[in-house]
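*Asks:* mmCIF, C-alpha atoms, saved as input.cif, coming up:
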```
data_target
#
loop_
_atom_site.label_atom_id
_atom_site.label_comp_id
_atom_site.auth_asym_id
_atom_site.auth_seq_id
_atom_site.Cartn_x
_atom_site.Cartn_y
_atom_site.Cartn_z
CA MET W 1 -23.06 48.69 13.02
CA ARG W 2 -20.63 49.22 10.17
CA VAL W 3 -21.21 46.42 7.69
CA TYR W 4 -19.09 45.43 4.71
CA ALA W 5 -20.88 43.17 2.21
CA VAL W 6 -18.74 41.37 -0.38
CA TYR W 7 -20.71 39.89 -3.23
CA CYS W 8 -19.37 37.46 -5.82
CA HIS W 9 -21.37 36.15 -8.77
CA PRO W 10 -20.72 36.66 -12.50
CA ASP W 11 -24.41 36.92 -13.37
CA PRO W 12 -26.33 40.08 -12.34
CA SER W 13 -29.60 38.21 -12.97
CA SER W 14 -28.71 35.32 -10.63
CA PHE W 15 -30.58 34.35 -7.48
CA THR W 16 -27.43 35.22 -5.53
CA SER W 17 -27.78 38.78 -6.79
CA VAL W 18 -31.34 38.89 -5.44
CA VAL W 19 -30.07 37.56 -2.13
CA ARG W 20 -27.43 40.27 -1.99
CA GLN W 21 -30.00 42.99 -2.70
CA ARG W 22 -32.30 41.72 0.02
CA ALA W 23 -29.43 41.46 2.50
CA VAL W 24 -28.17 45.00 1.83
CA ASP W 25 -31.71 46.47 1.91
CA THR W 26 -32.45 44.71 5.20
CA LEU W 27 -29.22 45.95 6.77
CA ARG W 28 -29.82 49.56 5.65
CA THR W 29 -33.44 49.51 6.86
CA ALA W 30 -32.22 48.22 10.22
CA GLY W 31 -30.06 51.33 10.47
CA HIS W 32 -26.65 49.86 9.73
CA GLU W 33 -24.07 51.70 7.66
CA VAL W 34 -23.33 49.47 4.69
CA ARG W 35 -20.43 49.37 2.25
CA SER W 36 -20.58 46.86 -0.54
CA SER W 37 -18.23 45.36 -3.13
CA ASP W 38 -19.18 43.46 -6.28
CA LEU W 39 -16.03 41.57 -7.28
CA TYR W 40 -17.10 40.68 -10.83
CA ALA W 41 -18.45 44.18 -11.55
CA ASP W 42 -15.19 45.62 -10.19
CA GLY W 43 -13.24 43.41 -12.59
CA PHE W 44 -11.21 42.23 -9.62
CA GLU W 45 -8.10 40.25 -10.59
CA PRO W 46 -8.23 37.12 -8.42
CA THR W 47 -4.84 35.66 -9.34
CA MET W 48 -2.01 36.35 -6.96
CA SER W 49 1.03 37.55 -8.87
CA ALA W 50 4.57 36.20 -8.57
CA THR W 51 5.62 39.45 -6.87
CA GLU W 52 2.77 39.30 -4.37
CA VAL W 53 3.74 35.75 -3.46
CA SER W 54 7.47 36.40 -3.12
CA GLU W 55 6.88 39.54 -1.02
CA TYR W 56 4.06 38.03 1.03
CA LEU W 57 5.86 38.07 4.36
CA ASP W 58 7.25 41.60 3.93
CA ALA W 59 5.67 44.47 5.85
CA ARG W 60 4.45 47.01 3.33
CA PRO W 61 1.31 49.07 2.73
CA PRO W 62 -1.34 47.42 0.52
CA SER W 63 -1.00 48.12 -3.21
CA PRO W 64 -3.43 50.67 -4.76
CA GLU W 65 -5.25 47.78 -6.47
CA ILE W 66 -6.40 46.30 -3.17
CA SER W 67 -6.25 49.25 -0.77
CA SER W 68 -9.96 50.15 -0.90
CA TYR W 69 -10.91 46.55 -0.04
CA CYS W 70 -8.38 46.55 2.80
CA ASP W 71 -9.80 49.84 4.04
CA SER W 72 -13.36 48.46 4.17
CA LEU W 73 -12.13 45.28 5.86
CA THR W 74 -10.51 47.21 8.69
CA TRP W 75 -13.45 49.65 8.88
CA CYS W 76 -16.29 47.17 9.32
CA GLU W 77 -17.74 45.55 12.43
CA ALA W 78 -19.63 42.94 10.42
CA LEU W 79 -18.34 41.21 7.31
CA VAL W 80 -21.01 39.69 5.07
CA LEU W 81 -20.03 37.37 2.21
CA VAL W 82 -22.61 36.52 -0.45
CA TYR W 83 -21.69 33.92 -3.09
CA PRO W 84 -22.67 30.62 -4.71
CA THR W 85 -20.85 27.53 -3.42
CA TRP W 86 -18.91 25.84 -6.23
CA TRP W 87 -16.81 22.73 -5.71
CA SER W 88 -17.85 22.83 -2.06
CA GLY W 89 -16.17 26.20 -1.52
CA GLN W 90 -15.98 29.85 -2.48
CA PRO W 91 -15.83 30.70 -6.20
CA ALA W 92 -12.24 31.21 -7.40
CA MET W 93 -12.96 34.93 -7.67
CA LEU W 94 -13.66 35.12 -3.94
CA THR W 95 -10.86 32.69 -3.06
CA GLY W 96 -8.53 35.05 -4.94
CA TRP W 97 -9.95 38.03 -3.09
CA LEU W 98 -9.04 36.34 0.20
CA ASP W 99 -5.59 35.38 -1.18
CA ARG W 100 -4.80 38.94 -2.26
CA VAL W 101 -6.61 41.18 0.23
CA LEU W 102 -5.86 39.43 3.53
CA VAL W 103 -2.31 40.78 3.60
CA ARG W 104 0.18 41.43 6.37
CA GLY W 105 -0.58 44.60 8.29
CA VAL W 106 -4.25 44.44 7.34
CA ALA W 107 -5.50 40.99 8.30
CA TRP W 108 -2.56 39.60 10.25
CA GLU W 109 0.82 40.48 11.69
CA LEU W 110 3.98 38.50 12.15
CA SER W 111 5.80 38.50 15.50
CA GLU W 112 9.38 39.79 15.77
CA SER W 113 10.82 36.30 15.66
CA GLY W 114 8.69 35.52 12.62
CA SER W 115 7.27 32.47 14.33
CA ARG W 116 3.80 33.67 15.33
CA VAL W 117 0.96 34.99 13.22
CA THR W 118 -1.66 37.09 15.00
CA GLY W 119 -4.99 38.24 13.60
CA ARG W 120 -5.52 41.96 13.09
CA LEU W 121 -9.21 42.00 12.21
CA GLY W 122 -10.34 42.46 15.81
CA ASN W 123 -12.80 45.03 14.47
CA VAL W 124 -14.88 42.22 12.93
CA ARG W 125 -17.45 40.97 15.46
CA ARG W 126 -19.90 39.32 13.07
CA LEU W 127 -18.88 37.07 10.22
CA VAL W 128 -21.90 36.35 8.05
CA THR W 129 -22.00 33.98 5.08
CA ILE W 130 -24.95 33.72 2.74
CA THR W 131 -24.56 31.05 0.10
CA THR W 132 -26.36 28.60 -2.16
CA HIS W 133 -25.29 25.05 -2.97
CA GLY W 134 -26.16 23.19 -6.17
CA SER W 135 -25.93 19.86 -4.37
CA PRO W 136 -27.89 18.57 -1.38
CA ARG W 137 -26.55 18.81 2.16
CA TYR W 138 -25.23 15.23 2.41
CA ILE W 139 -22.98 15.75 -0.62
CA ASN W 140 -21.53 18.86 1.01
CA LEU W 141 -20.93 16.87 4.19
CA LEU W 142 -19.19 14.13 2.19
CA GLU W 143 -17.06 16.76 0.50
CA GLY W 144 -16.14 18.20 3.89
CA GLU W 145 -17.96 21.59 3.79
CA THR W 146 -14.67 23.23 2.88
CA GLY W 147 -16.17 26.64 2.12
CA ARG W 148 -17.74 26.77 5.55
CA ARG W 149 -14.46 25.84 7.25
CA VAL W 150 -12.44 28.41 5.28
CA ILE W 151 -14.65 31.15 6.69
CA GLY W 152 -15.62 29.68 10.06
CA ARG W 153 -12.05 28.76 10.95
CA ALA W 154 -9.27 30.16 8.70
CA LEU W 155 -10.88 33.62 8.40
CA ARG W 156 -12.54 33.51 11.82
CA VAL W 157 -9.24 33.24 13.74
CA LEU W 158 -8.20 36.66 12.36
CA CYS W 159 -11.35 38.37 13.69
CA HIS W 160 -12.43 39.51 17.15
CA ARG W 161 -11.93 36.88 19.82
CA ARG W 162 -15.67 36.62 20.41
CA ALA W 163 -16.75 37.20 16.82
CA ARG W 164 -19.96 35.38 16.00
CA THR W 165 -20.18 33.39 12.79
CA ILE W 166 -23.56 33.26 11.10
CA TRP W 167 -24.13 30.73 8.33
CA LEU W 168 -27.15 30.98 6.04
CA SER W 169 -27.22 28.50 3.20
CA LEU W 170 -29.72 27.08 0.76
CA TYR W 171 -28.87 23.55 -0.37
CA ASN W 172 -29.96 21.83 -3.56
CA ILE W 173 -30.77 25.12 -5.25
CA ASP W 174 -30.89 23.55 -8.72
CA ARG W 175 -34.09 21.78 -7.60
CA ALA W 176 -35.45 24.44 -5.26
CA THR W 177 -38.98 25.68 -5.86
CA ALA W 178 -39.94 29.34 -6.00
CA GLU W 179 -41.43 28.96 -2.50
CA GLN W 180 -38.17 27.56 -1.14
CA ARG W 181 -36.25 30.45 -2.64
CA HIS W 182 -38.64 32.98 -1.15
CA ALA W 183 -38.47 31.24 2.20
CA PHE W 184 -34.69 31.51 2.07
CA LEU W 185 -34.84 35.23 1.29
CA ASP W 186 -37.19 35.70 4.26
CA ARG W 187 -34.81 33.73 6.45
CA VAL W 188 -31.91 35.97 5.38
CA GLU W 189 -33.98 39.05 6.17
CA ARG W 190 -35.08 37.79 9.60
CA ARG W 191 -31.55 36.84 10.60
CA LEU W 192 -29.98 40.09 9.44
CA GLN W 193 -32.62 42.18 11.24
CA ARG W 194 -31.11 41.01 14.54
CA LEU W 195 -27.47 41.28 13.62
CA MET R 1 0.17 5.05 -17.33
CA ARG R 2 -0.67 8.53 -18.56
CA ALA R 3 -0.04 11.09 -15.85
CA VAL R 4 -1.00 14.74 -15.53
CA VAL R 5 0.73 17.08 -13.10
CA VAL R 6 -1.28 20.24 -12.39
CA VAL R 7 0.93 22.96 -10.90
CA ALA R 8 -0.27 26.21 -9.32
CA HIS R 9 2.71 28.31 -8.35
CA PRO R 10 3.50 31.71 -9.88
CA ASN R 11 7.24 31.76 -9.29
CA PRO R 12 9.34 29.65 -11.70
CA HIS R 13 12.16 29.41 -9.15
CA SER R 14 9.99 28.45 -6.20
CA PHE R 15 10.18 25.34 -4.11
CA GLY R 16 6.74 24.44 -5.47
CA GLN R 17 8.19 24.29 -8.98
CA ALA R 18 11.06 22.16 -7.70
CA ILE R 19 8.45 19.73 -6.33
CA ALA R 20 6.66 19.68 -9.69
CA ALA R 21 9.95 19.01 -11.53
CA THR R 22 10.77 16.18 -9.12
CA ALA R 23 7.32 14.67 -9.64
CA ARG R 24 7.60 14.92 -13.42
CA THR R 25 11.05 13.30 -13.51
CA ALA R 26 10.05 10.50 -11.15
CA LEU R 27 6.97 9.65 -13.22
CA ALA R 28 8.82 9.86 -16.55
CA GLU R 29 11.67 7.66 -15.33
CA ARG R 30 9.15 5.03 -14.31
CA GLY R 31 7.93 5.01 -17.90
CA HIS R 32 4.74 7.01 -17.48
CA ASP R 33 3.65 9.43 -20.17
CA VAL R 34 3.67 12.77 -18.31
CA THR R 35 1.95 16.05 -19.16
CA VAL R 36 2.52 19.09 -16.96
CA LEU R 37 -0.22 21.72 -16.81
CA ASP R 38 1.50 24.74 -15.27
CA LEU R 39 -1.46 27.05 -14.71
CA TYR R 40 0.51 30.25 -14.12
CA ALA R 41 2.95 29.62 -16.98
CA GLU R 42 0.06 28.97 -19.36
CA GLY R 43 -1.74 32.10 -18.23
CA PHE R 44 -4.79 30.11 -17.19
CA GLN R 45 -7.71 32.42 -16.44
CA THR R 46 -8.84 32.05 -12.84
CA ALA R 47 -12.43 33.25 -12.66
CA MET R 48 -15.39 31.65 -14.39
CA THR R 49 -16.86 34.16 -16.84
CA LEU R 50 -20.51 35.12 -17.25
CA ALA R 51 -20.61 33.31 -20.62
CA GLU R 52 -19.23 30.16 -19.01
CA ARG R 53 -21.73 30.42 -16.18
CA HIS R 54 -24.57 30.63 -18.71
CA ALA R 55 -23.15 27.69 -20.68
CA TYR R 56 -22.54 25.57 -17.56
CA HIS R 57 -25.80 23.63 -17.58
CA GLY R 58 -26.04 23.47 -21.37
CA ASP R 59 -24.68 20.95 -23.86
CA HIS R 60 -21.38 22.80 -24.41
CA PRO R 61 -20.15 24.12 -21.08
CA ILE R 62 -16.59 24.67 -22.34
CA ILE R 63 -15.89 27.84 -24.32
CA ASP R 64 -12.18 28.56 -23.82
CA PRO R 65 -9.84 26.44 -26.05
CA MET R 66 -7.30 26.16 -23.22
CA VAL R 67 -9.99 24.73 -20.94
CA ALA R 68 -10.99 22.26 -23.68
CA ARG R 69 -7.37 21.11 -24.04
CA HIS R 70 -6.96 20.63 -20.29
CA ALA R 71 -10.24 18.69 -20.08
CA ALA R 72 -9.19 16.39 -22.95
CA ILE R 73 -5.83 15.70 -21.28
CA VAL R 74 -7.42 14.86 -17.93
CA GLN R 75 -10.00 12.61 -19.60
CA GLN R 76 -7.13 10.54 -21.04
CA ALA R 77 -5.14 10.26 -17.82
CA GLU R 78 -4.82 7.52 -15.25
CA VAL R 79 -2.76 9.50 -12.76
CA LEU R 80 -3.66 13.01 -11.60
CA VAL R 81 -1.15 14.91 -9.47
CA PHE R 82 -1.68 18.37 -7.94
CA VAL R 83 1.18 20.55 -6.72
CA TYR R 84 0.32 23.81 -4.97
CA PRO R 85 0.97 25.98 -1.91
CA THR R 86 -1.89 26.03 0.61
CA TRP R 87 -3.24 29.56 1.16
CA TRP R 88 -5.94 30.29 3.73
CA SER R 89 -6.28 26.55 4.31
CA THR R 90 -7.27 25.82 0.74
CA VAL R 91 -6.08 25.74 -2.88
CA PRO R 92 -4.88 28.96 -4.59
CA ALA R 93 -7.58 30.77 -6.56
CA ILE R 94 -6.08 29.73 -9.91
CA LEU R 95 -6.44 26.05 -9.00
CA LYS R 96 -9.94 26.58 -7.62
CA GLY R 97 -10.80 28.24 -10.92
CA TRP R 98 -9.31 25.31 -12.81
CA LEU R 99 -11.69 22.96 -10.97
CA GLU R 100 -14.65 25.23 -11.69
CA ARG R 101 -13.88 25.78 -15.38
CA VAL R 102 -12.36 22.44 -16.46
CA MET R 103 -14.23 20.01 -14.20
CA VAL R 104 -17.62 20.86 -15.68
CA PRO R 105 -20.64 18.63 -16.41
CA GLY R 106 -19.68 16.11 -19.09
CA VAL R 107 -16.05 16.04 -17.90
CA SER R 108 -15.87 15.44 -14.16
CA PHE R 109 -19.42 14.21 -13.76
CA VAL R 110 -22.29 13.13 -15.94
CA PHE R 111 -26.02 12.94 -15.38
CA ASP R 112 -27.69 9.56 -15.73
CA GLU R 113 -31.19 9.13 -17.19
CA ARG R 114 -32.73 10.03 -13.82
CA ARG R 115 -30.71 13.28 -13.64
CA ARG R 116 -28.53 11.86 -10.88
CA VAL R 117 -24.89 12.93 -10.75
CA ARG R 118 -22.45 10.13 -11.63
CA PRO R 119 -18.61 10.16 -11.72
CA GLY R 120 -17.20 11.19 -15.10
CA LEU R 121 -13.51 10.64 -14.45
CA THR R 122 -13.44 6.92 -13.69
CA ASN R 123 -10.29 6.79 -15.88
CA ILE R 124 -8.34 8.32 -12.97
CA ARG R 125 -6.84 5.51 -10.89
CA ARG R 126 -4.42 7.51 -8.74
CA LEU R 127 -5.02 10.91 -7.21
CA VAL R 128 -1.97 12.54 -5.60
CA GLY R 129 -1.88 15.88 -3.81
CA ILE R 130 1.38 17.59 -2.85
CA SER R 131 1.17 20.81 -0.89
CA THR R 132 3.34 23.15 1.12
CA TYR R 133 1.82 24.84 4.17
CA GLY R 134 2.94 27.90 6.12
CA ALA R 135 1.24 26.58 9.25
CA PRO R 136 2.35 23.71 11.48
CA TRP R 137 0.48 20.40 11.35
CA PRO R 138 -1.78 20.90 14.45
CA LEU R 139 -3.02 24.25 13.13
CA VAL R 140 -3.68 22.82 9.67
CA LYS R 141 -5.79 20.10 11.25
CA ALA R 142 -7.61 22.52 13.58
CA ILE R 143 -8.52 24.87 10.73
CA ASN R 144 -9.57 21.89 8.61
CA ASP R 145 -7.37 20.90 5.71
CA ASN R 146 -9.72 22.36 3.11
CA GLY R 147 -7.53 22.05 0.02
CA ARG R 148 -6.88 18.41 0.77
CA ARG R 149 -10.58 17.81 1.26
CA THR R 150 -11.45 19.56 -1.97
CA LEU R 151 -9.13 17.31 -3.97
CA LEU R 152 -9.29 14.02 -2.08
CA ARG R 153 -12.99 14.12 -1.24
CA ALA R 154 -14.89 16.44 -3.58
CA LEU R 155 -12.85 15.56 -6.67
CA ARG R 156 -12.70 11.88 -5.71
CA LEU R 157 -16.50 11.77 -5.85
CA ASN R 158 -15.96 12.34 -9.58
CA THR R 159 -13.24 9.75 -10.11
CA GLY R 160 -15.01 6.97 -8.28
CA LEU R 161 -14.33 5.20 -5.02
CA ARG R 162 -11.73 2.87 -6.55
CA THR R 163 -9.30 5.72 -7.10
CA ARG R 164 -6.36 5.47 -4.71
CA ARG R 165 -5.43 8.68 -2.97
CA SER R 166 -2.13 9.94 -1.60
CA TRP R 167 -1.25 13.14 0.17
CA LEU R 168 2.22 14.59 0.70
CA ALA R 169 2.52 17.70 2.86
CA LEU R 170 5.36 19.88 4.04
CA TYR R 171 4.34 21.96 7.07
CA LYS R 172 5.96 25.19 8.33
CA THR R 173 7.52 25.59 4.89
CA ASP R 174 8.60 29.21 5.42
CA ARG R 175 10.87 28.14 8.27
CA SER R 176 11.98 24.81 6.85
CA THR R 177 15.70 24.14 6.51
CA PRO R 178 17.35 23.20 3.18
CA ALA R 179 17.79 19.69 4.59
CA GLN R 180 14.07 19.40 5.34
CA ARG R 181 13.20 20.58 1.85
CA ALA R 182 15.62 18.14 0.27
CA ALA R 183 14.12 15.35 2.37
CA PHE R 184 10.66 16.33 1.20
CA LEU R 185 11.74 16.20 -2.45
CA ARG R 186 13.10 12.70 -1.84
CA ARG R 187 9.75 11.74 -0.35
CA VAL R 188 7.94 13.07 -3.43
CA ASP R 189 10.35 11.16 -5.65
CA ARG R 190 9.84 7.89 -3.76
CA LYS R 191 6.08 8.23 -3.70
CA LEU R 192 5.72 8.89 -7.41
CA ARG R 193 8.06 6.08 -8.33
CA SER R 194 5.94 3.62 -6.37
CA LEU R 195 2.48 4.40 -7.77
#
```
Using the file provided, produce a representation of the structure as structure tokens.
*Replies:*
Amino acid sequence: MRVYAVYCHPDPSSFTSVVRQRAVDTLRTAGHEVRSSDLYADGFEPTMSATEVSEYLDARPPSPEISSYCDSLTWCEALVLVYPTWWSGQPAMLTGWLDRVLVRGVAWELSESGSRVTGRLGNVRRLVTITTHGSPRYINLLEGETGRRVIGRALRVLCHRRARTIWLSLYNIDRATAEQRHAFLDRVERRLQRL
Amino acid sequence: MRAVVVVAHPNPHSFGQAIAATARTALAERGHDVTVLDLYAEGFQTAMTLAERHAYHGDHPIIDPMVARHAAIVQQAEVLVFVYPTWWSTVPAILKGWLERVMVPGVSFVFDERRRVRPGLTNIRRLVGISTYGAPWPLVKAINDNGRRTLLRALRLNTGLRTRRSWLALYKTDRSTPAQRAAFLRRVDRKLRSL
């Protein structure tokens, strides 16, 4: 399968970075073709500009700044997102990546009348999220698991009709033991082996 | 009361800015002391930096003077109003980044002697969210209203359960008529005059 892994964490020595490495290694060993983006290392600008907002509904090719991300998005059969959950959702850097890269003509299209939006990421058949939460599970439930819904619903409706969403998360990471972290890495590996 | 209006819209002539201006006027005319934090106009930096990530769990998690100023203003406020367009079912990246960088330990929450998380913003008595959506109401609810949940649930955990919450939403904004927009501004005006 063609797999596009998007990784978002400011710290190269973070646990999330280890998770990303294990995920990419597992996917390559399993024979998948993997492309990978590191948003912080790329120096990605996550803030949507005034021009991007005012021209959002216009049909135009993606700007050079985002075109390589758009290309990988439309190329892949599996999209893998690796990030830490902050404020119950994606880090602003990744939120901004979704804001700026999921543009018309790439991720969605508008009908002639302008009344219907249809997804264009039918190439994506697996939507995988690998994340860590600082807080325990019940806090995330109280907060509404917004990060999970953004991907499992808002992003999911753009993908293939039968796309499978796979959610791998480690709660309460601030108090996790080394064994729990290793167990999580093993879980990620096992799940990605049968993508 | 002291009120803070946090605005996340890049275009100074947008409907979002008209909402913010209406909110500010309504609050000021009722005698509240209003501060507007216009994130785009101030050039607020969206993504948490590596240095901030390292400082996050330390004694001085705030590095950027702009972040320190915003935190001090919010800590003095009784009313907190957010005005933003909903993108991909949640808040724009710049507002997500504001939560991550300003609402840090010691500001939004504090640790008690048993290292349990406790609300830090009990000074906030009213939490108001005002958002414009591209999608119609049923779709917003089906996708899960993630921006609303982030502010009214996740942030409310940090202001305490006695904080009163209000939500004002305009759906299908892109196809709304001038009359519908004017009616929405009147609704914003009424709501903020009756806090």
*Asks:* Can you work out which residues from chain R touch chain W at a cut-off of 7 Å (counting all atoms listed in the file) and hand them back as a PyMOL selection string?
*Replies:* chain R and resi 10-11+46-47+49-50+87-89+93-94+96-97+100+143-144+146+149-150+153-154
*Asks:* Convert the current residue selection to file output with C-alpha atoms, as an mmCIF file, in the frame of the given file.
*Replies:*
```
data_model
loop_
_atom_site.group_PDB
_atom_site.id
_atom_site.type_symbol
_atom_site.label_atom_id
_atom_site.label_comp_id
_atom_site.auth_asym_id
_atom_site.auth_seq_id
_atom_site.Cartn_x
_atom_site.Cartn_y
_atom_site.Cartn_z
ATOM 1 C CA PRO R 10 3.500 31.710 -9.880
ATOM 2 C CA ASN R 11 7.240 31.760 -9.290
ATOM 3 C CA THR R 46 -8.840 32.050 -12.840
ATOM 4 C CA ALA R 47 -12.430 33.250 -12.660
ATOM 5 C CA THR R 49 -16.860 34.160 -16.840
ATOM 6 C CA LEU R 50 -20.510 35.120 -17.250
ATOM 7 C CA TRP R 87 -3.240 29.560 1.160
ATOM 8 C CA TRP R 88 -5.940 30.290 3.730
ATOM 9 C CA SER R 89 -6.280 26.550 4.310
ATOM 10 C CA ALA R 93 -7.580 30.770 -6.560
ATOM 11 C CA ILE R 94 -6.080 29.730 -9.910
ATOM 12 C CA LYS R 96 -9.940 26.580 -7.620
ATOM 13 C CA GLY R 97 -10.800 28.240 -10.920
ATOM 14 C CA GLU R 100 -14.650 25.230 -11.690
ATOM 15 C CA ILE R 143 -8.520 24.870 10.730
ATOM 16 C CA ASN R 144 -9.570 21.890 8.610
ATOM 17 C CA ASN R 146 -9.720 22.360 3.110
ATOM 18 C CA ARG R 149 -10.580 17.810 1.260
ATOM 19 C CA THR R 150 -11.450 19.560 -1.970
ATOM 20 C CA ARG R 153 -12.990 14.120 -1.240
ATOM 21 C CA ALA R 154 -14.890 16.440 -3.580
#
```
*Asks:* Go through the shown structure with the PyMOL selection byres ((chain W and resi 65-74) around 10) and write out the matching residues as number ranges by chain.
*Replies:* W: 2-6, 35-37, 44-45, 61-64, 75-79, 97, 100-103, 105-107, 120-124
*Asks:* Could you jot down the atom CA of R:Gly106 to atom CA of R:Ala72 separation for me, Å, one decimal place?
*Replies:*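 Separation between atom CA of R:Gly106 and atom CA of R:Ala72: 11.2 Å.
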*Asks:* Mind giving me the straight-line distance from atom CA of R:Leu155 to atom CA of R:Arg125 in Å, one decimal?
*Replies:*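 Taking atom CA of R:Leu155 and atom CA of R:Arg125, their separation equals 12.4 Å.
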*Asks:* Tell me, as a PyMOL selection string, which residues lie within 6 Å of stretch 77-81 of chain R, counting all atoms listed in the file; anything in the same chain fewer than 5 positions away does not count.
*Replies:* chain R and resi 1-5+123-129
